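Printed here is run_28.tsv (TSV, C-alpha atoms):
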```tsv
chain	number	residue	atom	x	y	z
A	1	MET	CA	0.00	0.00	0.00
A	2	SER	CA	1.22	3.51	-0.72
A	3	VAL	CA	2.66	5.39	2.22
A	4	TYR	CA	0.17	8.26	2.03
A	5	LEU	CA	-3.14	6.40	1.74
A	6	THR	CA	-5.71	5.22	4.27
A	7	GLY	CA	-7.32	3.12	1.55
A	8	ARG	CA	-7.73	3.50	-2.17
A	9	PRO	CA	-7.71	7.20	-3.15
A	10	ARG	CA	-10.73	8.62	-4.95
A	11	LEU	CA	-10.96	11.51	-7.38
A	12	VAL	CA	-14.52	12.86	-7.28
A	13	LEU	CA	-16.66	15.76	-8.44
A	14	ASP	CA	-17.92	17.64	-5.38
A	15	SER	CA	-20.12	20.58	-4.55
A	16	ASN	CA	-18.23	23.78	-3.80
A	17	PRO	CA	-18.91	24.53	-0.11
A	18	GLY	CA	-18.12	28.18	-0.64
A	19	GLN	CA	-20.60	28.80	-3.46
A	20	ALA	CA	-23.98	27.11	-3.70
A	21	GLY	CA	-24.65	25.59	-7.10
A	22	SER	CA	-21.02	25.35	-8.25
A	23	ARG	CA	-18.71	22.32	-8.34
A	24	CYS	CA	-15.13	21.47	-7.44
A	25	VAL	CA	-12.83	18.43	-7.76
A	26	THR	CA	-11.58	16.60	-4.67
A	27	VAL	CA	-9.03	13.86	-3.94
A	28	ARG	CA	-10.28	11.88	-0.94
A	29	ASP	CA	-8.87	9.20	1.40
A	30	LEU	CA	-5.37	10.61	1.91
A	31	ARG	CA	-3.62	10.15	5.21
A	32	PRO	CA	-3.86	13.29	7.40
A	33	ASP	CA	-0.11	13.20	8.15
A	34	PHE	CA	0.64	13.06	4.42
A	35	VAL	CA	-1.60	16.09	3.82
A	36	ALA	CA	0.11	17.90	6.70
A	37	ARG	CA	3.54	17.25	5.15
A	38	LEU	CA	2.29	18.66	1.83
A	39	GLY	CA	1.23	21.84	3.58
A	40	ALA	CA	4.63	22.18	5.20
A	41	CYS	CA	6.50	22.03	1.89
A	42	PHE	CA	8.43	25.17	0.90
A	43	ASP	CA	6.51	25.63	-2.37
A	44	ALA	CA	3.26	23.84	-1.53
A	45	THR	CA	1.17	25.91	-3.96
A	46	SER	CA	3.23	24.92	-7.01
A	47	LEU	CA	3.38	21.32	-5.83
A	48	LEU	CA	-0.42	21.09	-5.51
A	49	ARG	CA	-0.85	22.65	-8.97
A	50	SER	CA	1.39	19.94	-10.40
A	51	MET	CA	-0.36	17.09	-8.57
A	52	LEU	CA	-4.03	17.99	-9.15
A	53	THR	CA	-5.01	19.54	-12.49
A	54	VAL	CA	-8.25	20.07	-14.39
A	55	ARG	CA	-8.31	20.59	-18.16
A	56	VAL	CA	-10.80	20.91	-20.96
A	57	ALA	CA	-11.23	17.59	-22.78
A	58	GLY	CA	-12.41	18.41	-26.30
A	59	SER	CA	-14.28	15.82	-28.34
A	60	GLY	CA	-11.84	13.36	-29.86
A	61	VAL	CA	-8.82	14.88	-28.12
A	62	GLU	CA	-6.70	12.42	-26.18
A	63	GLU	CA	-5.11	13.31	-22.87
A	64	SER	CA	-1.97	15.36	-23.50
A	65	GLU	CA	-0.07	18.39	-22.29
A	66	ASP	CA	-1.80	20.43	-25.04
A	67	LEU	CA	-5.18	20.37	-23.30
A	68	PRO	CA	-6.00	23.84	-21.89
A	69	ASP	CA	-5.77	24.11	-18.11
A	70	ILE	CA	-8.63	25.36	-15.94
A	71	PHE	CA	-7.38	27.99	-13.52
A	72	GLY	CA	-8.32	27.75	-9.88
A	73	HIS	CA	-6.94	27.40	-6.37
A	74	HIS	CA	-6.20	24.37	-4.19
A	75	GLN	CA	-7.23	23.69	-0.61
A	76	LEU	CA	-5.73	21.14	1.75
A	77	LEU	CA	-8.38	19.22	3.67
A	78	LYS	CA	-7.86	16.94	6.65
A	79	ASP	CA	-7.67	13.87	4.41
A	80	GLY	CA	-7.69	15.25	0.88
A	81	ILE	CA	-7.02	18.00	-1.65
A	82	ARG	CA	-9.68	20.20	-3.22
A	83	PHE	CA	-9.50	22.13	-6.51
A	84	ILE	CA	-11.91	25.06	-6.87
A	85	PRO	CA	-12.06	26.74	-10.30
A	86	TYR	CA	-11.93	30.53	-10.45
A	87	HIS	CA	-14.94	30.42	-12.79
A	88	PRO	CA	-17.64	27.71	-12.44
A	89	PHE	CA	-17.42	24.69	-14.74
A	90	GLY	CA	-19.68	25.43	-17.71
A	91	PRO	CA	-22.46	23.05	-18.76
A	92	GLY	CA	-22.05	20.91	-21.88
A	93	ILE	CA	-18.22	20.92	-21.73
A	94	ARG	CA	-16.14	17.80	-21.03
A	95	PHE	CA	-13.44	18.24	-18.39
A	96	LEU	CA	-10.54	15.96	-17.43
A	97	ALA	CA	-9.23	15.99	-13.85
A	98	THR	CA	-5.87	14.33	-13.09
A	99	PHE	CA	-4.23	13.52	-9.76
A	100	ASP	CA	-0.56	12.58	-10.22
A	101	PRO	CA	1.37	12.09	-6.94
A	102	LYS	CA	4.57	11.43	-8.91
A	103	ALA	CA	5.03	15.20	-8.85
A	104	LEU	CA	6.57	14.55	-5.43
A	105	GLY	CA	9.43	12.78	-7.16
A	106	ARG	CA	8.54	9.33	-5.82
A	107	ALA	CA	7.14	7.17	-8.60
A	108	GLU	CA	6.25	4.34	-6.22
A	109	LEU	CA	3.62	6.36	-4.36
A	110	SER	CA	0.58	5.56	-6.52
A	111	GLU	CA	-0.82	5.35	-9.99
A	112	THR	CA	-2.28	8.42	-11.66
A	113	LEU	CA	-6.03	8.97	-11.16
A	114	THR	CA	-8.23	10.57	-13.81
A	115	LEU	CA	-11.84	11.71	-13.82
A	116	GLU	CA	-13.74	12.88	-16.90
A	117	PHE	CA	-16.97	14.78	-16.28
A	118	SER	CA	-19.45	17.28	-17.71
A	119	LEU	CA	-22.34	19.23	-16.23
A	120	GLN	CA	-25.88	19.26	-17.53
A	121	SER	CA	-27.59	22.52	-18.37
A	122	GLN	CA	-30.03	23.80	-15.76
A	123	THR	CA	-31.93	26.10	-18.11
A	124	ASN	CA	-35.09	24.01	-18.01
A	125	ALA	CA	-34.80	22.34	-14.63
A	126	GLY	CA	-34.61	25.43	-12.41
A	127	LEU	CA	-33.47	25.37	-8.80
A	128	PRO	CA	-34.19	22.11	-6.96
A	129	HIS	CA	-36.93	22.03	-4.37
A	130	VAL	CA	-39.05	19.57	-2.43
A	131	LYS	CA	-42.34	19.04	-4.28
A	132	ARG	CA	-44.19	16.78	-1.83
A	133	VAL	CA	-43.64	14.59	1.20
A	134	PHE	CA	-45.64	11.42	1.81
A	135	PRO	CA	-47.60	10.32	3.79
A	136	SER	CA	-49.48	13.47	2.83
A	137	ALA	CA	-51.87	13.53	5.81
A	138	ASN	CA	-51.09	15.72	8.82
A	139	ALA	CA	-52.21	13.09	11.37
A	140	LEU	CA	-49.83	10.11	11.39
A	141	PRO	CA	-49.69	6.99	13.64
A	142	GLU	CA	-47.15	6.63	16.43
A	143	ASN	CA	-45.48	3.67	14.71
A	144	LEU	CA	-45.04	5.41	11.35
A	145	LEU	CA	-42.30	3.59	9.41
A	146	ARG	CA	-41.22	5.93	6.61
A	147	PHE	CA	-41.50	9.19	4.71
A	148	TYR	CA	-40.99	9.76	0.98
A	149	ALA	CA	-39.50	13.11	-0.07
A	150	CYS	CA	-40.06	13.94	-3.75
A	151	PHE	CA	-37.76	16.53	-5.37
A	152	SER	CA	-38.16	18.57	-8.55
A	153	ASN	CA	-34.72	17.61	-9.96
A	154	PRO	CA	-32.48	14.50	-9.86
A	155	MET	CA	-30.46	14.88	-6.69
A	156	GLU	CA	-26.95	14.01	-5.48
A	157	ARG	CA	-26.26	11.44	-2.76
A	158	GLY	CA	-24.57	12.32	0.51
A	159	TRP	CA	-26.55	15.31	1.81
A	160	ALA	CA	-29.53	13.75	3.60
A	161	GLU	CA	-27.94	13.18	7.01
A	162	GLU	CA	-26.82	16.78	7.29
A	163	HIS	CA	-29.94	18.45	5.89
A	164	ILE	CA	-32.89	16.29	6.99
A	165	ARG	CA	-34.05	16.23	10.60
A	166	LEU	CA	-37.12	15.65	12.73
A	167	LEU	CA	-38.12	18.42	15.14
A	168	GLY	CA	-40.05	17.76	18.33
A	169	PRO	CA	-42.82	19.78	20.00
A	170	GLU	CA	-40.32	22.38	21.26
A	171	GLY	CA	-38.88	22.87	17.78
A	172	GLN	CA	-35.59	21.14	18.59
A	173	PRO	CA	-34.13	18.14	16.69
A	174	VAL	CA	-35.20	14.80	18.17
A	175	PRO	CA	-32.09	12.57	18.50
A	176	ASP	CA	-31.80	8.97	17.27
A	177	VAL	CA	-35.19	8.96	15.53
A	178	LEU	CA	-34.30	8.78	11.82
A	179	TYR	CA	-32.48	5.69	10.56
A	180	ARG	CA	-29.23	6.66	8.84
A	181	SER	CA	-28.78	4.08	6.10
A	182	PRO	CA	-25.18	3.43	4.90
A	183	VAL	CA	-26.48	4.21	1.39
A	184	GLU	CA	-29.22	6.80	0.96
A	185	LEU	CA	-32.43	5.20	-0.30
A	186	TRP	CA	-33.09	7.03	-3.59
A	187	ASP	CA	-35.23	5.67	-6.41
A	188	ARG	CA	-33.73	5.13	-9.88
A	189	SER	CA	-34.63	8.64	-11.01
A	190	MET	CA	-32.84	10.14	-7.96
A	191	THR	CA	-35.90	12.31	-7.34
A	192	CYS	CA	-37.57	10.33	-4.51
A	193	LEU	CA	-35.81	9.66	-1.20
A	194	THR	CA	-37.09	7.14	1.37
A	195	ILE	CA	-36.59	8.40	4.93
A	196	LEU	CA	-36.96	5.63	7.51
A	197	LEU	CA	-37.71	6.02	11.18
A	198	ASP	CA	-35.51	3.74	13.25
A	199	PRO	CA	-37.06	0.22	12.89
A	200	GLY	CA	-35.28	-0.91	16.07
A	201	ARG	CA	-37.25	1.64	18.07
A	202	LEU	CA	-40.52	0.67	16.36
A	203	LYS	CA	-40.36	-3.05	17.15
A	204	ARG	CA	-41.43	-3.60	20.73
A	205	GLY	CA	-39.16	-5.72	22.85
A	206	VAL	CA	-35.90	-5.22	20.97
A	207	GLY	CA	-32.90	-3.33	22.39
A	208	PRO	CA	-33.38	0.19	20.98
A	209	ASN	CA	-37.11	0.15	21.77
A	210	ARG	CA	-36.46	-0.95	25.36
A	211	ALA	CA	-33.74	1.64	25.86
A	212	LEU	CA	-35.24	4.65	24.07
A	213	GLY	CA	-38.90	3.89	23.46
A	214	PRO	CA	-40.72	4.53	20.17
A	215	PRO	CA	-39.45	7.32	17.87
A	216	LEU	CA	-42.75	9.25	18.07
A	217	GLU	CA	-45.18	9.78	20.93
A	218	ALA	CA	-48.94	9.82	20.44
A	219	GLY	CA	-50.61	13.14	21.17
A	220	ARG	CA	-47.55	15.26	20.33
A	221	GLU	CA	-46.65	17.55	17.43
A	222	TYR	CA	-43.59	17.04	15.20
A	223	ALA	CA	-42.17	18.40	11.95
A	224	LEU	CA	-40.01	16.81	9.26
A	225	VAL	CA	-37.61	19.49	7.98
A	226	ILE	CA	-35.62	19.21	4.73
A	227	GLY	CA	-32.91	21.67	3.71
A	228	PRO	CA	-31.94	24.16	2.64
A	229	GLY	CA	-28.69	22.88	1.12
A	230	MET	CA	-29.70	19.62	-0.57
A	231	ILE	CA	-27.68	19.40	-3.81
A	232	ASP	CA	-28.96	18.22	-7.19
A	233	SER	CA	-26.98	16.36	-9.88
A	234	SER	CA	-25.86	19.63	-11.48
A	235	GLY	CA	-24.55	21.12	-8.25
A	236	CYS	CA	-27.45	23.47	-7.52
A	237	ALA	CA	-28.69	23.68	-3.93
A	238	THR	CA	-32.19	23.94	-2.52
A	239	ASP	CA	-32.46	27.51	-1.23
A	240	ALA	CA	-35.58	27.10	0.91
A	241	ARG	CA	-36.49	24.95	3.88
A	242	PHE	CA	-39.36	22.49	3.44
A	243	CYS	CA	-41.34	21.74	6.59
A	244	LYS	CA	-44.02	19.09	7.08
A	245	PRO	CA	-45.73	19.47	10.47
A	246	PHE	CA	-47.86	16.59	11.73
A	247	HIS	CA	-49.77	15.36	14.76
A	248	VAL	CA	-49.18	11.84	16.12
A	249	THR	CA	-52.11	9.49	16.71
A	250	LYS	CA	-52.21	6.05	18.32
A	251	ALA	CA	-50.21	3.18	16.81
A	252	VAL	CA	-51.66	0.84	14.16
A	253	ARG	CA	-50.59	-2.81	14.47
A	254	ASN	CA	-53.15	-4.73	12.41
A	255	PRO	CA	-52.58	-6.50	9.06
A	256	ILE	CA	-54.18	-4.95	5.99
A	257	ALA	CA	-57.72	-6.36	5.68
A	258	LEU	CA	-58.90	-6.51	2.07
A	259	GLU	CA	-62.44	-7.31	3.19
A	260	GLU	CA	-62.65	-3.77	4.59
A	261	TRP	CA	-61.85	-2.14	1.23
A	262	GLU	CA	-64.71	-0.49	-0.63
A	263	VAL	CA	-64.84	-1.16	-4.39
A	264	LEU	CA	-66.71	1.45	-6.45
A	265	ARG	CA	-67.38	-0.32	-9.74
A	266	PRO	CA	-67.45	1.47	-13.09
A	267	ALA	CA	-70.13	1.07	-15.75
A	268	ALA	CA	-69.62	-1.05	-18.85
A	269	ASN	CA	-68.78	0.42	-22.27
A	270	GLY	CA	-67.13	3.52	-20.82
A	271	ARG	CA	-63.82	4.66	-19.32
A	272	GLN	CA	-65.17	5.58	-15.91
A	273	ALA	CA	-62.52	5.08	-13.20
A	274	LEU	CA	-62.58	2.11	-10.83
A	275	GLU	CA	-62.17	3.37	-7.26
A	276	LEU	CA	-60.82	1.63	-4.18
A	277	ALA	CA	-61.37	3.23	-0.77
A	278	PHE	CA	-59.23	2.12	2.18
A	279	PRO	CA	-60.10	2.45	5.88
A	280	ALA	CA	-56.54	3.63	6.66
A	281	PRO	CA	-53.70	5.18	4.61
A	282	LEU	CA	-51.53	2.80	2.60
A	283	ASP	CA	-47.90	3.20	1.50
A	284	TRP	CA	-47.80	5.87	-1.22
A	285	ALA	CA	-44.92	4.42	-3.27
A	286	GLN	CA	-46.26	0.87	-3.27
A	287	LEU	CA	-49.74	1.92	-4.35
A	288	TRP	CA	-48.35	2.66	-7.83
A	289	HIS	CA	-47.28	-0.93	-8.55
A	290	ALA	CA	-48.70	-3.32	-5.90
A	291	ILE	CA	-52.30	-3.17	-7.19
A	292	THR	CA	-53.23	-4.24	-10.72
A	293	ILE	CA	-56.47	-5.03	-12.55
A	294	ALA	CA	-56.91	-8.32	-14.44
A	295	SER	CA	-59.62	-9.46	-16.83
A	296	GLU	CA	-61.55	-12.71	-16.46
A	297	GLY	CA	-58.89	-14.46	-18.56
A	298	GLY	CA	-56.09	-13.26	-16.28
A	299	GLU	CA	-54.71	-10.60	-18.63
A	300	GLN	CA	-53.62	-7.33	-17.03
A	301	VAL	CA	-55.78	-4.37	-18.00
A	302	GLU	CA	-53.84	-1.30	-19.14
A	303	GLY	CA	-54.72	2.05	-17.66
A	304	ARG	CA	-53.74	5.05	-15.56
A	305	ILE	CA	-53.42	5.01	-11.76
A	306	ALA	CA	-54.07	7.94	-9.45
A	307	VAL	CA	-53.65	8.18	-5.66
A	308	ASP	CA	-55.68	10.78	-3.76
A	309	TYR	CA	-54.50	12.98	-0.90
A	310	GLY	CA	-54.14	10.99	2.29
A	311	GLU	CA	-53.42	7.75	0.38
A	312	ARG	CA	-56.87	6.35	1.26
A	313	ARG	CA	-58.32	6.30	-2.26
A	314	TRP	CA	-56.88	4.60	-5.38
A	315	THR	CA	-58.38	5.06	-8.84
A	316	PHE	CA	-57.78	3.25	-12.12
A	317	THR	CA	-58.85	4.66	-15.48
A	318	PRO	CA	-58.63	2.04	-18.26
A	319	LYS	CA	-56.96	2.74	-21.58
A	320	SER	CA	-59.92	1.18	-23.40
A	321	PRO	CA	-63.62	1.13	-22.39
A	322	TRP	CA	-64.66	-1.52	-19.87
A	323	ARG	CA	-66.24	-4.63	-21.36
A	324	SER	CA	-69.03	-6.42	-19.54
A	325	GLY	CA	-67.70	-9.30	-17.47
A	326	SER	CA	-65.69	-10.27	-14.41
A	327	TYR	CA	-62.48	-8.60	-13.27
A	328	SER	CA	-60.07	-8.93	-10.37
A	329	VAL	CA	-58.23	-6.40	-8.23
A	330	CYS	CA	-54.87	-8.17	-7.73
A	331	VAL	CA	-52.98	-7.08	-4.60
A	332	ALA	CA	-49.35	-8.07	-3.98
A	333	SER	CA	-48.77	-9.51	-0.51
A	334	GLY	CA	-45.94	-7.00	-0.02
A	335	LEU	CA	-48.30	-4.01	-0.07
A	336	GLU	CA	-47.93	-2.15	3.22
A	337	ASP	CA	-49.65	0.61	5.10
A	338	VAL	CA	-47.73	3.62	6.44
A	339	CYS	CA	-46.61	1.56	9.46
A	340	GLY	CA	-45.20	-1.37	7.47
A	341	ASN	CA	-48.15	-3.67	8.17
A	342	SER	CA	-48.89	-5.95	5.19
A	343	LEU	CA	-51.50	-8.49	4.07
A	344	VAL	CA	-49.41	-11.20	5.72
A	345	GLY	CA	-49.17	-9.64	9.17
A	346	ALA	CA	-48.32	-6.62	11.28
A	347	PHE	CA	-44.86	-5.08	11.05
A	348	ASP	CA	-44.42	-5.38	14.80
A	349	ARG	CA	-44.83	-9.16	15.12
A	350	PRO	CA	-42.63	-12.07	16.24
A	351	LEU	CA	-40.18	-13.56	13.75
A	352	ARG	CA	-41.81	-16.19	11.55
A	353	SER	CA	-40.63	-19.75	11.22
A	354	PRO	CA	-39.47	-21.13	7.83
A	355	ARG	CA	-42.76	-23.06	7.61
A	356	GLU	CA	-44.76	-19.86	8.06
A	357	LEU	CA	-42.63	-18.05	5.48
A	358	GLY	CA	-43.26	-20.89	3.02
A	359	ARG	CA	-47.01	-20.38	3.35
A	360	GLN	CA	-46.79	-16.67	2.50
A	361	ILE	CA	-49.08	-15.92	-0.42
A	362	ALA	CA	-47.81	-14.17	-3.52
A	363	SER	CA	-50.94	-12.05	-3.93
A	364	ARG	CA	-54.63	-11.80	-3.14
A	365	SER	CA	-57.52	-10.54	-5.19
A	366	ILE	CA	-60.97	-8.97	-5.02
A	367	SER	CA	-63.45	-9.92	-7.73
A	368	PHE	CA	-65.95	-7.50	-9.25
A	369	ARG	CA	-68.21	-7.32	-12.27
A	370	VAL	CA	-68.75	-4.56	-14.77
```

Is it possible to give me this structure as structure tokens?
Amino acid sequence: MSVYLTGRPRLVLDSNPGQAGSRCVTVRDLRPDFVARLGACFDATSLLRSMLTVRVAGSGVEESEDLPDIFGHHQLLKDGIRFIPYHPFGPGIRFLATFDPKALGRAELSETLTLEFSLQSQTNAGLPHVKRVFPSANALPENLLRFYACFSNPMERGWAEEHIRLLGPEGQPVPDVLYRSPVELWDRSMTCLTILLDPGRLKRGVGPNRALGPPLEAGREYALVIGPGMIDSSGCATDARFCKPFHVTKAVRNPIALEEWEVLRPAANGRQALELAFPAPLDWAQLWHAITIASEGGEQVEGRIAVDYGERRWTFTPKSPWRSGSYSVCVASGLEDVCGNSLVGAFDRPLRSPRELGRQIASRSISFRV
């Protein structure tokens, strides 16, 4: 292993902490004592300029000394080196960053690292902001499992822990309530983030629940606060704080009961929407894919889904007019309510045996006629 590394070094595109919406290039995972020795060098500025460079990479141009340099200044971090351009990196231009420790005169230190990148134009996207947070209701059960935060733009990983918090009745952050996943739980589009409350505090009888109690307390007021400072994929930051206040009601620990759903049937030969009404809110994200409509022959009916405010009403508008006959509302067993309770059982239940797991159904259905 090289003498200056804690692990494998990384050359990454970062957000510029000194200017919201702009980017910089950073070498990470250097040993702090190595960085300190760099800072103590007689001509540290020239040395850093030789080690970490950023150039324009024109289309079809191979890496060479002829590529134009980007001018900027270097900063020594505790375990890295940061390059900040004097003028922000422009969108639509390819850049090539190079970290070459051989500038120290010791070829055995490490191989050269390169990073090619370009920024997307923000002309159409605008500044990022939080569009909605789900569950959308303002009265939520004590054993609430998760929130979904939906953003206007594709976002960048790594900012949730610093910029998302839960405030208690006195307006102060509530400690050890949100679960900090090793990898932030974004969807594929990077526009929807899943925010979990600590499952260990939700399950009664386990260590965190015994020591700290449930994350929320019925009868009290809380607020989920997001930003400002969340960064999107182009380096722009949210400039406003999003706040979702809510009141906590008693816990819900019952499995989802399909027999309690109300089915409002459409008329034949038209495109009237089929409506499902639920006695309690269901999981917003799962409602878009966990419920499907099948014809009498088992073929899935194509159509458009909508979920009303409060996640207690689901509607399906078919692509083609309904034909007279029998249909089925097919519900995946993994569908959950806002507390993680499913068709199979409550979230807060004892561990199941392998025999019980083997009996778990793939889906259930509700029949109706048009």

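Among A:Ala149, A:Ala346, A:Leu167, A:Val177, the residue with the shortest atom-to-atom distance to Phe134 in chain A, counting all atoms listed in the file, is A:Ala149.
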
Just want the 9 Å neighbourhood of range 228-241 of chain A, counted on all atoms listed in the file, with same-chain residues fewer than 3 positions away dropped. Output as a ChimeraX atom specification.
/A:14-16,20-23,91,119-122,126-130,153-160,162-164,190,225

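Shell of Ala139 in chain A at 7 Å, with all atoms listed in the file counted and residues fewer than 2 places along the chain excluded, is Ala137, Pro141, Phe246, His247, Val248 and Thr249 of chain A.
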
Expected answer as a PyMOL selection string: all residues with atoms within 12 Å of (2.5, 15.3, 3.5), only C-alpha atoms
chain A and resi 3-5+30-42+44+47-48+76-81+101+104+109

So, with only C-alpha atoms as the atoms that count, which of A:Ala97, A:Leu274, A:Gly334, A:Ser326 lies closest to Val307 in chain A?
A:Leu274

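The residue that comes closest to Phe99 in chain A, out of A:Gly72, A:Pro85, A:Pro9, A:Gly297 and on the basis of only C-alpha atoms, is A:Pro9.
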
Contacts of Gly171 in chain A at 10 Å (only C-alpha atoms; same-chain gap of 4+ positions) as an MDAnalysis selection string:
chainID A and resid 166:167 221:223

What would the file look like if the residues just selected were written as a PDB file, in the coordinates of the input with C-alpha atoms?
```pdb
ATOM      1  CA  LEU A 166     -37.120  15.650  12.730  1.00  0.00           C
ATOM      2  CA  LEU A 167     -38.120  18.420  15.140  1.00  0.00           C
ATOM      3  CA  GLU A 221     -46.650  17.550  17.430  1.00  0.00           C
ATOM      4  CA  TYR A 222     -43.590  17.040  15.200  1.00  0.00           C
ATOM      5  CA  ALA A 223     -42.170  18.400  11.950  1.00  0.00           C
TER       6      ALA A 223
END
```

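In this structure, CA of Arg28 in chain A sits 29.7 Å away from CA of Ser152 in chain A.
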
Which residues come within 7 Å of Leu178 in chain A, counting all atoms listed in the file, excluding same-chain residues fewer than 4 positions away, as number ranges by chain?
A: 196-198

All file atoms of range 265-271 of chain A boxed axis-aligned, 8 Å per side, centre plus edges, as lines of an AutoDock Vina configuration file:
```
center_x = -67.0
center_y = 1.8
center_z = -16.0
size_x = 22.3
size_y = 21.7
size_z = 28.5
```

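In this model, the gap between CA of Lys102 in chain A and CA of Val12 in chain A comes to 19.2 Å.
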